[in-house]
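Heads up: the structure comes next, in structure tokens.
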Amino acid sequence: MKHFFLIFVLFISYITTYSQDDFYISDERRELFFMEIFPEAFDDTLMRDAIFYHINKECEKLGIRQFRMRTILEYTAMDLADFIAKREISRINDISERKQIKTRLYEYDYGNNDANEIILKSLVRRGRTLLTYDEVGQDVAYTIFSRTKLLEIVENSRYTFIGIAARLDEEGKRAYISLNFGNYSLESLNKKELKNVDLPITTYQHFLDGYDERACRKSESFPDIYALQQNISVKDGIIWFETDDYRALRKLLRYPKDGLAVDIVMWKQYPCGGDNIINTIMLNKGHMTKPVFYREFEKENEYQGRLGKDKLKIKLGTIPESVHDYDLNLVIILDKYVCADLIPPYIMPETNTTLPKAKAFPDTITPSHNAFRYTPHEDTAIVSFIIPFDKGKSQYKKEDIQAFIDSLNQPHFYPLAFKITAYSSIDGDPKRNMELRGDRIQSIKRAIDEYSDNSVLIATESSDSWSLFYSDIVGTDFQFLRPKSKEEVARYLKQGDNRKMLEPILAKHRFAKIDITVRYDISTVQKEQDYVLYLFNKALQEYDVDKALAIQKYIIEQVLRKRYTRLAVDKMNIPDRFEYAGVLMNKLWLNYEAREVAIDEAYVIELQRLNRMSPENAYIRRNLVFARLQIEVINSDSYVIELQREIDDLMNSSLPKYVIDPVNLQLQILSIEALGENLKISNEDKFIEEAFDRIKNIIEINKTDWQGAYNLAVLFTSMGDYEYPLSIMTPMIHNPNIDENFIFMFISICTHTNYMRYTEVFEQALQRAYEINPKKLCELIDTGKISFQIMDNPKVKKFYCNACGH
């Protein structure tokens, strides 16, 4: 009788407002919201509609789905509103278990495993001023959307439907409001109807209980719990559960009342021509096997002895003979509570992403930040050589002219002009010295003719060395001669051993200087390579680090393009000085990169040496962290802390963020992967959460960057996290630019949860997938790669049956 009365009341209110699947409230109805609330004539349906309107209005502002009303949630909301108004209860924690939403739904024979509720109280008058229905509706919406815990419920896309009820307290001053939330899992066939179905559906519950938040806490935090379903296999009708990582499983199942079972769900339970044959109140959907508890694992394990400590293979049951098309859901039991009924997830084939990849970076930023981009071109320059002569001689020694000869034999430049300037020391007869300088000029000219095919004019000049003498005696014991005349100096030289004592200075003035004006020839790659290397080494000799770095950057580019040979690396003659630590690191990096050699211990040792040489060089520090991650094993939290601290310090350096982020990202990924293998952490949940938070900060995306969202989804799902990818991908479902990979990745992620298949956004995702590739979508469902259990959502079922021709 209670049910009939409620149905009648709700039916009358619905036909005067809206259908339960509408978001729309008419303008006429909206006008009524501005009526003042008179306690003696309180209109609970008008209050409901005002709250509903303002909640959906706020949802629209946030760009999230808007709620639809559901009759059953109206029933349960009314029940609780009556209860809390009479007792003036406004805290959800003060609601006894027998009055909670799960219990109330159970009384109406509706599914109760995925529902939630909020209770509030709101003033309906302030002093003598009566508030309107609209004002109270706004207050309720404001309260919900300004409180984090309440907002989390409203924002959660798992909830599609809402039921709202409001009741006044005895004084008529406050409204006590109950808001109930749910999805299509509310729909349920009762047990009596199940008995009339010719399918082997298990109604016996093996003394198990339904989901309990406290008992099931471990299942909620267990990493990638849906991956456990992939450990189920069938051979000769026998269902096996097998894992090579029994130690990891024991983090979830470790107590006597923990265990596993299989829920065999049949395709026949989802007929296109009728309602689903599912009772959502029961702990299973189809045929459930007898649970195997942890206390039985050791005895039932096919692996025994030492293997049995690391591997587990147990029989979980058999497939009934009458069952053919089916899914195998893995049932997770903790302390005899059914904490999860894991449907087979859709596993996306591996795809490429554009996530930042860690690699070593050369140091090509000049210290003064005045970097210029070097490009070789045909320069003209003056190349000078000094040819010394013995006293009174005009013939050179072969070794003294070898460098000049070598330069003439190089084909990489050609001379535009020669100039020979001969000098003689101030001692000796001036006339003889002039003849001697002339002979030296002729001697050099003969060398040029002998060792080259020179055809340009050779200019000559003869000069005494008085200016050189006066300059070179400064700062010596002979500085007193500087103010004296040439005649006075000549007389001084003739006295005693003076000439002998001055000989070291005089000897430097017996030479010929050759100045060659040249144009460098870079007409071939090899000639260009030699010329560029010459300039690089020359810049280092002249202590011009900026210029050397710019030229080295060009050399790096050409070697990596394989335009220059790898010999270019070996011919970099870099002094082993701290000023050149960055240049030395670049040579080390290029040596490995050009030869495509993997980073090894020698690489790390050399970087450590360069780091000691120049501890302020951020590129060396960054590349050292990267190199260590390539060859070292992450086996302690102190190791992770050390590298993370170094990376955090680099974030405050002059290095650009894009240089540091890939190494930071790699540290997070490798650290998470090391858990359970070499790395032991006392608080793994906190460790993983902090790593994921860093990854989110590393890879920043905006609301329209669907490619970035996709890349992040690939990364996070590979590490067993599905909630974060859902949070960033869901708002982008309606982006017209998303591609096939994005939409099918989103569908895959949804199947790794126990609630997304019930949501409106999942319906929309399937529609987008059908628009992009209808054949692929239908084939994935038809072949079971996407579980037919997505049809727990009646709208999804209707869409599939119509779109895929069933």
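Residue numbering restarts at 1 for every chain of the structure tokens, chains are lettered A, B, ... in their displayed order, and ligands are numbered from 1 as they appear.
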
* **Spatial neighbours of A:Gln100, 12 Å, only C-alpha atoms, chain gap at least 2 places, as a VMD selection string** => chain A and resid 76 to 77 79 to 81 83 to 84 92 to 98 102 to 107 112 115 to 119 178 180

* Contact residues around A:Ile51 with only C-alpha atoms at 12 Å, ignoring same-chain residues under 5 positions, as a PyMOL selection string -> chain A and resi 25+30+33+44-46+56-58+67+69+120+122+132-144+162-166+175+177-179

* **Which of stretch 404-586 of chain A fall in strand (DSSP E or B), as an MDAnalysis selection string** => chainID A and resid 413:423 458:463 511:520

* Spatial neighbours of A:Tyr564, 9 Å, only C-alpha atoms, chain gap at least 4 places, as a ChimeraX atom specification -> /A:525-526,528-529,555-560,568

Kindly save the residues from that selection, with N, CA and C atoms included, as an mmCIF file, in the first residue's frame.
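Saved result, again.cif, follows:
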```
data_model
loop_
_atom_site.group_PDB
_atom_site.id
_atom_site.type_symbol
_atom_site.label_atom_id
_atom_site.label_comp_id
_atom_site.auth_asym_id
_atom_site.auth_seq_id
_atom_site.Cartn_x
_atom_site.Cartn_y
_atom_site.Cartn_z
ATOM 1 N N VAL A 525 82.061 18.761 -48.517
ATOM 2 C CA VAL A 525 81.752 18.509 -47.113
ATOM 3 C C VAL A 525 83.022 18.277 -46.307
ATOM 4 N N GLN A 526 83.970 17.521 -46.883
ATOM 5 C CA GLN A 526 85.194 17.227 -46.153
ATOM 6 C C GLN A 526 85.996 18.498 -45.889
ATOM 7 N N GLU A 528 84.768 21.515 -45.699
ATOM 8 C CA GLU A 528 84.029 22.279 -44.702
ATOM 9 C C GLU A 528 84.280 21.714 -43.311
ATOM 10 N N GLN A 529 84.257 20.391 -43.170
ATOM 11 C CA GLN A 529 84.476 19.757 -41.869
ATOM 12 C C GLN A 529 85.838 20.144 -41.297
ATOM 13 N N ILE A 555 78.739 21.455 -35.346
ATOM 14 C CA ILE A 555 79.405 20.163 -35.600
ATOM 15 C C ILE A 555 78.503 19.014 -35.157
ATOM 16 N N ILE A 556 77.873 19.167 -33.975
ATOM 17 C CA ILE A 556 76.964 18.132 -33.456
ATOM 18 C C ILE A 556 75.843 17.866 -34.446
ATOM 19 N N GLU A 557 75.244 18.931 -34.949
ATOM 20 C CA GLU A 557 74.141 18.779 -35.903
ATOM 21 C C GLU A 557 74.577 18.024 -37.148
ATOM 22 N N GLN A 558 75.754 18.354 -37.650
ATOM 23 C CA GLN A 558 76.232 17.728 -38.892
ATOM 24 C C GLN A 558 76.613 16.265 -38.685
ATOM 25 N N VAL A 559 77.196 15.962 -37.519
ATOM 26 C CA VAL A 559 77.562 14.564 -37.234
ATOM 27 C C VAL A 559 76.300 13.716 -37.085
ATOM 28 N N LEU A 560 75.297 14.234 -36.379
ATOM 29 C CA LEU A 560 74.057 13.479 -36.188
ATOM 30 C C LEU A 560 73.308 13.290 -37.494
ATOM 31 N N ALA A 568 85.180 13.746 -36.832
ATOM 32 C CA ALA A 568 85.032 15.115 -36.342
ATOM 33 C C ALA A 568 85.001 15.148 -34.823
#
```

* Asked: If we count only C-alpha atoms, what is near stretch 510-515 of chain A at a cut-off of 6 Å, once residues fewer than 3 positions away on the same chain are taken out, given as a ChimeraX atom specification?
  -> /A:383-389,418-425,507

Keeping C-alpha atoms, export the residues of the selection given above as a PDB file, in the first residue's frame.
```pdb
ATOM      1  CA  VAL A 383      97.535  33.329 -41.942  1.00  0.00           C
ATOM      2  CA  SER A 384     100.926  34.185 -40.489  1.00  0.00           C
ATOM      3  CA  PHE A 385     104.058  32.097 -39.985  1.00  0.00           C
ATOM      4  CA  ILE A 386     107.363  32.967 -38.319  1.00  0.00           C
ATOM      5  CA  ILE A 387     110.504  31.353 -39.807  1.00  0.00           C
ATOM      6  CA  PRO A 388     113.557  31.718 -37.499  1.00  0.00           C
ATOM      7  CA  PHE A 389     117.115  31.963 -38.817  1.00  0.00           C
ATOM      8  CA  PHE A 418     101.786  36.644 -50.062  1.00  0.00           C
ATOM      9  CA  LYS A 419     103.846  39.092 -48.069  1.00  0.00           C
ATOM     10  CA  ILE A 420     107.310  38.280 -46.755  1.00  0.00           C
ATOM     11  CA  THR A 421     108.890  40.543 -44.168  1.00  0.00           C
ATOM     12  CA  ALA A 422     112.533  39.763 -43.292  1.00  0.00           C
ATOM     13  CA  TYR A 423     114.134  40.916 -40.054  1.00  0.00           C
ATOM     14  CA  SER A 424     117.700  40.887 -38.742  1.00  0.00           C
ATOM     15  CA  SER A 425     119.025  41.554 -35.269  1.00  0.00           C
ATOM     16  CA  ALA A 507     118.102  35.689 -31.428  1.00  0.00           C
TER      17      ALA A 507
END
```

* Asked: What is the atom CA of A:Arg147-atom CA of A:Thr160 distance in Å, reported with one decimal?
  -> 20.1 Å

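Proximity of A:Asp637, A:Asp649, A:Asp429, A:Glu601 to A:Arg622, computed with only C-alpha atoms, is greatest for A:Asp649.
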
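If you measure from each of A:Ile647, A:Ile574, A:Val569, A:Met791 to A:Arg595 using only C-alpha atoms, the closest one turns out to be A:Val569.
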
* Spatial neighbours of A:Arg645, 12 Å, only C-alpha atoms, chain gap at least 3 places, as an MDAnalysis selection string -> chainID A and resid 621:622 625 638:642 648:652 664 667

Write out as an mmCIF file with C-alpha atoms, in the first residue's frame the residues lying within 12 Å of A:Lys61, counting only C-alpha atoms and excluding same-chain residues fewer than 6 positions away.
```
data_model
loop_
_atom_site.group_PDB
_atom_site.id
_atom_site.type_symbol
_atom_site.label_atom_id
_atom_site.label_comp_id
_atom_site.auth_asym_id
_atom_site.auth_seq_id
_atom_site.Cartn_x
_atom_site.Cartn_y
_atom_site.Cartn_z
ATOM 1 C CA HIS A 54 19.762 25.141 -9.545
ATOM 2 C CA ILE A 55 21.910 22.022 -9.172
ATOM 3 C CA PHE A 145 29.061 23.255 -4.800
ATOM 4 C CA GLU A 155 30.890 15.875 -9.955
#
```

* Backbone DSSP call of alpha helix (DSSP H) for stretch 572-763 of chain A, listed as an MDAnalysis selection string -> chainID A and resid 581:594 601:613 618:631 637:651 657:674 684:698 706:718 723:729 740:750 760:763

* To do: Would you mind listing what lies within 12 Å of A:Gly708 as JSON, numbers by chain, with only C-alpha atoms counted and same-chain residues fewer than 4 positions away left out?
  => {"A": [353, 354, 355, 356, 696, 698, 699, 700, 701, 702, 703, 704, 712, 713, 714, 715, 725, 728, 729, 732, 738, 742]}

Based on the selection just made, write N, CA and C atoms of those residues as a PDB file, in the first residue's frame.
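Output (selection-v7.pdb):
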```pdb
ATOM      1  N   THR A 353      52.964   7.146 -28.456  1.00  0.00           N
ATOM      2  CA  THR A 353      52.584   8.414 -27.846  1.00  0.00           C
ATOM      3  C   THR A 353      53.678   9.433 -28.100  1.00  0.00           C
ATOM      4  N   THR A 354      53.368  10.675 -27.817  1.00  0.00           N
ATOM      5  CA  THR A 354      54.347  11.746 -27.985  1.00  0.00           C
ATOM      6  C   THR A 354      54.747  12.315 -26.633  1.00  0.00           C
ATOM      7  N   LEU A 355      54.817  11.450 -25.632  1.00  0.00           N
ATOM      8  CA  LEU A 355      55.285  11.896 -24.328  1.00  0.00           C
ATOM      9  C   LEU A 355      56.753  12.293 -24.429  1.00  0.00           C
ATOM     10  N   PRO A 356      57.191  13.247 -23.615  1.00  0.00           N
ATOM     11  CA  PRO A 356      58.603  13.638 -23.664  1.00  0.00           C
ATOM     12  C   PRO A 356      59.502  12.461 -23.295  1.00  0.00           C
ATOM     13  N   LYS A 696      51.620  14.571 -13.194  1.00  0.00           N
ATOM     14  CA  LYS A 696      50.571  15.526 -13.597  1.00  0.00           C
ATOM     15  C   LYS A 696      51.133  16.932 -13.738  1.00  0.00           C
ATOM     16  N   ILE A 698      54.284  17.574 -14.441  1.00  0.00           N
ATOM     17  CA  ILE A 698      55.245  17.573 -15.552  1.00  0.00           C
ATOM     18  C   ILE A 698      54.532  17.780 -16.878  1.00  0.00           C
ATOM     19  N   ILE A 699      53.444  17.040 -17.056  1.00  0.00           N
ATOM     20  CA  ILE A 699      52.720  17.085 -18.330  1.00  0.00           C
ATOM     21  C   ILE A 699      51.449  17.887 -18.124  1.00  0.00           C
ATOM     22  N   GLU A 700      51.508  19.143 -18.477  1.00  0.00           N
ATOM     23  CA  GLU A 700      50.364  20.032 -18.292  1.00  0.00           C
ATOM     24  C   GLU A 700      49.563  20.083 -19.595  1.00  0.00           C
ATOM     25  N   ILE A 701      48.244  19.975 -19.463  1.00  0.00           N
ATOM     26  CA  ILE A 701      47.386  20.033 -20.645  1.00  0.00           C
ATOM     27  C   ILE A 701      46.261  21.031 -20.390  1.00  0.00           C
ATOM     28  N   ASN A 702      45.729  21.590 -21.465  1.00  0.00           N
ATOM     29  CA  ASN A 702      44.575  22.472 -21.322  1.00  0.00           C
ATOM     30  C   ASN A 702      43.315  21.726 -21.744  1.00  0.00           C
ATOM     31  N   LYS A 703      42.195  22.405 -21.654  1.00  0.00           N
ATOM     32  CA  LYS A 703      40.905  21.749 -21.864  1.00  0.00           C
ATOM     33  C   LYS A 703      40.685  21.290 -23.298  1.00  0.00           C
ATOM     34  N   THR A 704      41.463  21.812 -24.240  1.00  0.00           N
ATOM     35  CA  THR A 704      41.280  21.425 -25.642  1.00  0.00           C
ATOM     36  C   THR A 704      42.395  20.520 -26.152  1.00  0.00           C
ATOM     37  N   LEU A 712      48.759  11.201 -21.893  1.00  0.00           N
ATOM     38  CA  LEU A 712      48.750  10.954 -20.450  1.00  0.00           C
ATOM     39  C   LEU A 712      47.976   9.691 -20.118  1.00  0.00           C
ATOM     40  N   ALA A 713      46.878   9.460 -20.825  1.00  0.00           N
ATOM     41  CA  ALA A 713      46.073   8.265 -20.573  1.00  0.00           C
ATOM     42  C   ALA A 713      46.881   7.008 -20.842  1.00  0.00           C
ATOM     43  N   VAL A 714      47.627   7.008 -21.938  1.00  0.00           N
ATOM     44  CA  VAL A 714      48.470   5.842 -22.256  1.00  0.00           C
ATOM     45  C   VAL A 714      49.472   5.603 -21.134  1.00  0.00           C
ATOM     46  N   LEU A 715      50.088   6.682 -20.650  1.00  0.00           N
ATOM     47  CA  LEU A 715      51.085   6.556 -19.585  1.00  0.00           C
ATOM     48  C   LEU A 715      50.468   6.051 -18.291  1.00  0.00           C
ATOM     49  N   PRO A 725      43.129   9.521 -15.908  1.00  0.00           N
ATOM     50  CA  PRO A 725      42.825   9.665 -17.340  1.00  0.00           C
ATOM     51  C   PRO A 725      41.350   9.950 -17.604  1.00  0.00           C
ATOM     52  N   ILE A 728      40.517  13.693 -17.112  1.00  0.00           N
ATOM     53  CA  ILE A 728      40.964  14.657 -18.123  1.00  0.00           C
ATOM     54  C   ILE A 728      40.372  14.372 -19.498  1.00  0.00           C
ATOM     55  N   MET A 729      39.966  13.126 -19.753  1.00  0.00           N
ATOM     56  CA  MET A 729      39.424  12.795 -21.073  1.00  0.00           C
ATOM     57  C   MET A 729      37.923  13.053 -21.173  1.00  0.00           C
ATOM     58  N   MET A 732      36.469  16.042 -22.869  1.00  0.00           N
ATOM     59  CA  MET A 732      36.857  16.212 -24.268  1.00  0.00           C
ATOM     60  C   MET A 732      36.096  15.305 -25.229  1.00  0.00           C
ATOM     61  N   ILE A 738      38.726  14.920 -31.838  1.00  0.00           N
ATOM     62  CA  ILE A 738      39.297  13.698 -31.285  1.00  0.00           C
ATOM     63  C   ILE A 738      39.305  12.602 -32.340  1.00  0.00           C
ATOM     64  N   PHE A 742      41.815   8.065 -29.515  1.00  0.00           N
ATOM     65  CA  PHE A 742      41.329   8.724 -28.297  1.00  0.00           C
ATOM     66  C   PHE A 742      40.037   8.075 -27.821  1.00  0.00           C
TER      67      PHE A 742
END
```

Counting only C-alpha atoms, give me one row per residue of stretch 292-385 of chain A with an atom at most 10 Å from an atom of stretch 262-286 of chain A, showing the shortest contact pair and its distance in Å to one decimal, sorted by chain then residue number, as JSON lines.
```
{"residue": "A:Val292", "atom": "CA", "partner": "A:Val262", "partner_atom": "CA", "distance": 9.7}
{"residue": "A:Leu316", "atom": "CA", "partner": "A:Val262", "partner_atom": "CA", "distance": 6.8}
{"residue": "A:Gly317", "atom": "CA", "partner": "A:Val262", "partner_atom": "CA", "distance": 7.6}
{"residue": "A:Thr318", "atom": "CA", "partner": "A:Val262", "partner_atom": "CA", "distance": 9.5}
{"residue": "A:Ile319", "atom": "CA", "partner": "A:Ile264", "partner_atom": "CA", "distance": 7.7}
{"residue": "A:Pro320", "atom": "CA", "partner": "A:Ile264", "partner_atom": "CA", "distance": 9.1}
{"residue": "A:Val323", "atom": "CA", "partner": "A:Met266", "partner_atom": "CA", "distance": 7.1}
{"residue": "A:His324", "atom": "CA", "partner": "A:Met266", "partner_atom": "CA", "distance": 7.7}
{"residue": "A:Asp325", "atom": "CA", "partner": "A:Trp267", "partner_atom": "CA", "distance": 5.7}
{"residue": "A:Tyr326", "atom": "CA", "partner": "A:Met266", "partner_atom": "CA", "distance": 4.3}
{"residue": "A:Asp327", "atom": "CA", "partner": "A:Val265", "partner_atom": "CA", "distance": 5.2}
{"residue": "A:Leu328", "atom": "CA", "partner": "A:Ile264", "partner_atom": "CA", "distance": 4.9}
{"residue": "A:Asn329", "atom": "CA", "partner": "A:Asp263", "partner_atom": "CA", "distance": 4.9}
{"residue": "A:Leu330", "atom": "CA", "partner": "A:Val262", "partner_atom": "CA", "distance": 4.9}
{"residue": "A:Val331", "atom": "CA", "partner": "A:Val262", "partner_atom": "CA", "distance": 5.5}
{"residue": "A:Ile332", "atom": "CA", "partner": "A:Val262", "partner_atom": "CA", "distance": 8.8}
{"residue": "A:Tyr337", "atom": "CA", "partner": "A:Leu283", "partner_atom": "CA", "distance": 9.4}
{"residue": "A:Val338", "atom": "CA", "partner": "A:Leu283", "partner_atom": "CA", "distance": 6.9}
{"residue": "A:Cys339", "atom": "CA", "partner": "A:Leu283", "partner_atom": "CA", "distance": 9.5}
{"residue": "A:Ala340", "atom": "CA", "partner": "A:Leu283", "partner_atom": "CA", "distance": 9.4}
{"residue": "A:Asp341", "atom": "CA", "partner": "A:Asp263", "partner_atom": "CA", "distance": 7.5}
{"residue": "A:Leu342", "atom": "CA", "partner": "A:Asp263", "partner_atom": "CA", "distance": 8.8}
{"residue": "A:Ile343", "atom": "CA", "partner": "A:Asp263", "partner_atom": "CA", "distance": 8.9}
```

Keeping N, CA and C atoms, export the residues of the selection given above as a PDB file, in the first residue's frame.
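Below is the file part_35.pdb, written as the result:
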```
ATOM      1  N   VAL A 292      36.893 -19.850  -3.355  1.00  0.00           N
ATOM      2  CA  VAL A 292      38.098 -20.505  -2.836  1.00  0.00           C
ATOM      3  C   VAL A 292      38.793 -19.480  -1.955  1.00  0.00           C
ATOM      4  N   LEU A 316      39.073 -22.628  -9.953  1.00  0.00           N
ATOM      5  CA  LEU A 316      37.998 -21.845  -9.360  1.00  0.00           C
ATOM      6  C   LEU A 316      36.615 -22.381  -9.697  1.00  0.00           C
ATOM      7  N   GLY A 317      36.541 -23.406 -10.530  1.00  0.00           N
ATOM      8  CA  GLY A 317      35.231 -23.959 -10.857  1.00  0.00           C
ATOM      9  C   GLY A 317      35.202 -24.475 -12.280  1.00  0.00           C
ATOM     10  N   THR A 318      33.986 -24.794 -12.748  1.00  0.00           N
ATOM     11  CA  THR A 318      33.808 -25.312 -14.105  1.00  0.00           C
ATOM     12  C   THR A 318      32.682 -24.552 -14.800  1.00  0.00           C
ATOM     13  N   ILE A 319      32.723 -24.574 -16.116  1.00  0.00           N
ATOM     14  CA  ILE A 319      31.682 -23.931 -16.917  1.00  0.00           C
ATOM     15  C   ILE A 319      30.498 -24.896 -17.035  1.00  0.00           C
ATOM     16  N   PRO A 320      29.285 -24.466 -16.677  1.00  0.00           N
ATOM     17  CA  PRO A 320      28.113 -25.341 -16.843  1.00  0.00           C
ATOM     18  C   PRO A 320      27.968 -25.765 -18.320  1.00  0.00           C
ATOM     19  N   VAL A 323      26.074 -23.571 -20.829  1.00  0.00           N
ATOM     20  CA  VAL A 323      26.536 -22.204 -21.055  1.00  0.00           C
ATOM     21  C   VAL A 323      27.576 -22.182 -22.172  1.00  0.00           C
ATOM     22  N   HIS A 324      27.377 -21.284 -23.129  1.00  0.00           N
ATOM     23  CA  HIS A 324      28.302 -21.211 -24.265  1.00  0.00           C
ATOM     24  C   HIS A 324      28.900 -19.814 -24.425  1.00  0.00           C
ATOM     25  N   ASP A 325      28.106 -18.810 -24.693  1.00  0.00           N
ATOM     26  CA  ASP A 325      28.628 -17.447 -24.839  1.00  0.00           C
ATOM     27  C   ASP A 325      28.601 -16.764 -23.490  1.00  0.00           C
ATOM     28  N   TYR A 326      29.779 -16.463 -22.974  1.00  0.00           N
ATOM     29  CA  TYR A 326      29.831 -15.970 -21.592  1.00  0.00           C
ATOM     30  C   TYR A 326      31.045 -15.060 -21.375  1.00  0.00           C
ATOM     31  N   ASP A 327      30.982 -14.312 -20.306  1.00  0.00           N
ATOM     32  CA  ASP A 327      32.113 -13.572 -19.732  1.00  0.00           C
ATOM     33  C   ASP A 327      32.449 -14.195 -18.391  1.00  0.00           C
ATOM     34  N   LEU A 328      33.719 -14.112 -18.031  1.00  0.00           N
ATOM     35  CA  LEU A 328      34.145 -14.572 -16.710  1.00  0.00           C
ATOM     36  C   LEU A 328      34.540 -13.366 -15.869  1.00  0.00           C
ATOM     37  N   ASN A 329      33.702 -13.038 -14.903  1.00  0.00           N
ATOM     38  CA  ASN A 329      34.023 -11.958 -13.974  1.00  0.00           C
ATOM     39  C   ASN A 329      34.764 -12.531 -12.778  1.00  0.00           C
ATOM     40  N   LEU A 330      35.841 -11.869 -12.394  1.00  0.00           N
ATOM     41  CA  LEU A 330      36.578 -12.303 -11.219  1.00  0.00           C
ATOM     42  C   LEU A 330      35.988 -11.625  -9.987  1.00  0.00           C
ATOM     43  N   VAL A 331      35.579 -12.444  -9.013  1.00  0.00           N
ATOM     44  CA  VAL A 331      34.972 -11.928  -7.784  1.00  0.00           C
ATOM     45  C   VAL A 331      36.047 -11.870  -6.699  1.00  0.00           C
ATOM     46  N   ILE A 332      36.272 -10.669  -6.170  1.00  0.00           N
ATOM     47  CA  ILE A 332      37.260 -10.465  -5.108  1.00  0.00           C
ATOM     48  C   ILE A 332      36.530 -10.428  -3.771  1.00  0.00           C
ATOM     49  N   TYR A 337      33.298 -10.376   2.416  1.00  0.00           N
ATOM     50  CA  TYR A 337      32.539  -9.351   1.712  1.00  0.00           C
ATOM     51  C   TYR A 337      32.941  -9.365   0.239  1.00  0.00           C
ATOM     52  N   VAL A 338      31.962  -9.314  -0.651  1.00  0.00           N
ATOM     53  CA  VAL A 338      32.261  -9.231  -2.081  1.00  0.00           C
ATOM     54  C   VAL A 338      32.618  -7.778  -2.392  1.00  0.00           C
ATOM     55  N   CYS A 339      33.905  -7.547  -2.634  1.00  0.00           N
ATOM     56  CA  CYS A 339      34.395  -6.179  -2.820  1.00  0.00           C
ATOM     57  C   CYS A 339      34.483  -5.776  -4.285  1.00  0.00           C
ATOM     58  N   ALA A 340      34.541  -6.734  -5.178  1.00  0.00           N
ATOM     59  CA  ALA A 340      34.627  -6.400  -6.601  1.00  0.00           C
ATOM     60  C   ALA A 340      34.144  -7.572  -7.435  1.00  0.00           C
ATOM     61  N   ASP A 341      33.430  -7.239  -8.505  1.00  0.00           N
ATOM     62  CA  ASP A 341      33.013  -8.220  -9.505  1.00  0.00           C
ATOM     63  C   ASP A 341      33.573  -7.701 -10.825  1.00  0.00           C
ATOM     64  N   LEU A 342      34.795  -8.132 -11.143  1.00  0.00           N
ATOM     65  CA  LEU A 342      35.572  -7.514 -12.211  1.00  0.00           C
ATOM     66  C   LEU A 342      35.203  -8.091 -13.574  1.00  0.00           C
ATOM     67  N   ILE A 343      34.607  -7.243 -14.421  1.00  0.00           N
ATOM     68  CA  ILE A 343      34.278  -7.698 -15.768  1.00  0.00           C
ATOM     69  C   ILE A 343      35.543  -7.678 -16.610  1.00  0.00           C
TER      70      ILE A 343
END
```

* May I ask which of the residues A:Tyr255, A:Tyr619, A:Phe222, A:Tyr246 is the closest one to A:Leu655, counting only C-alpha atoms? => A:Tyr619

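Closest approach to A:Gly111 among A:Ile347, A:Ser26, A:Ser455, A:Leu189: A:Leu189, based on only C-alpha atoms.
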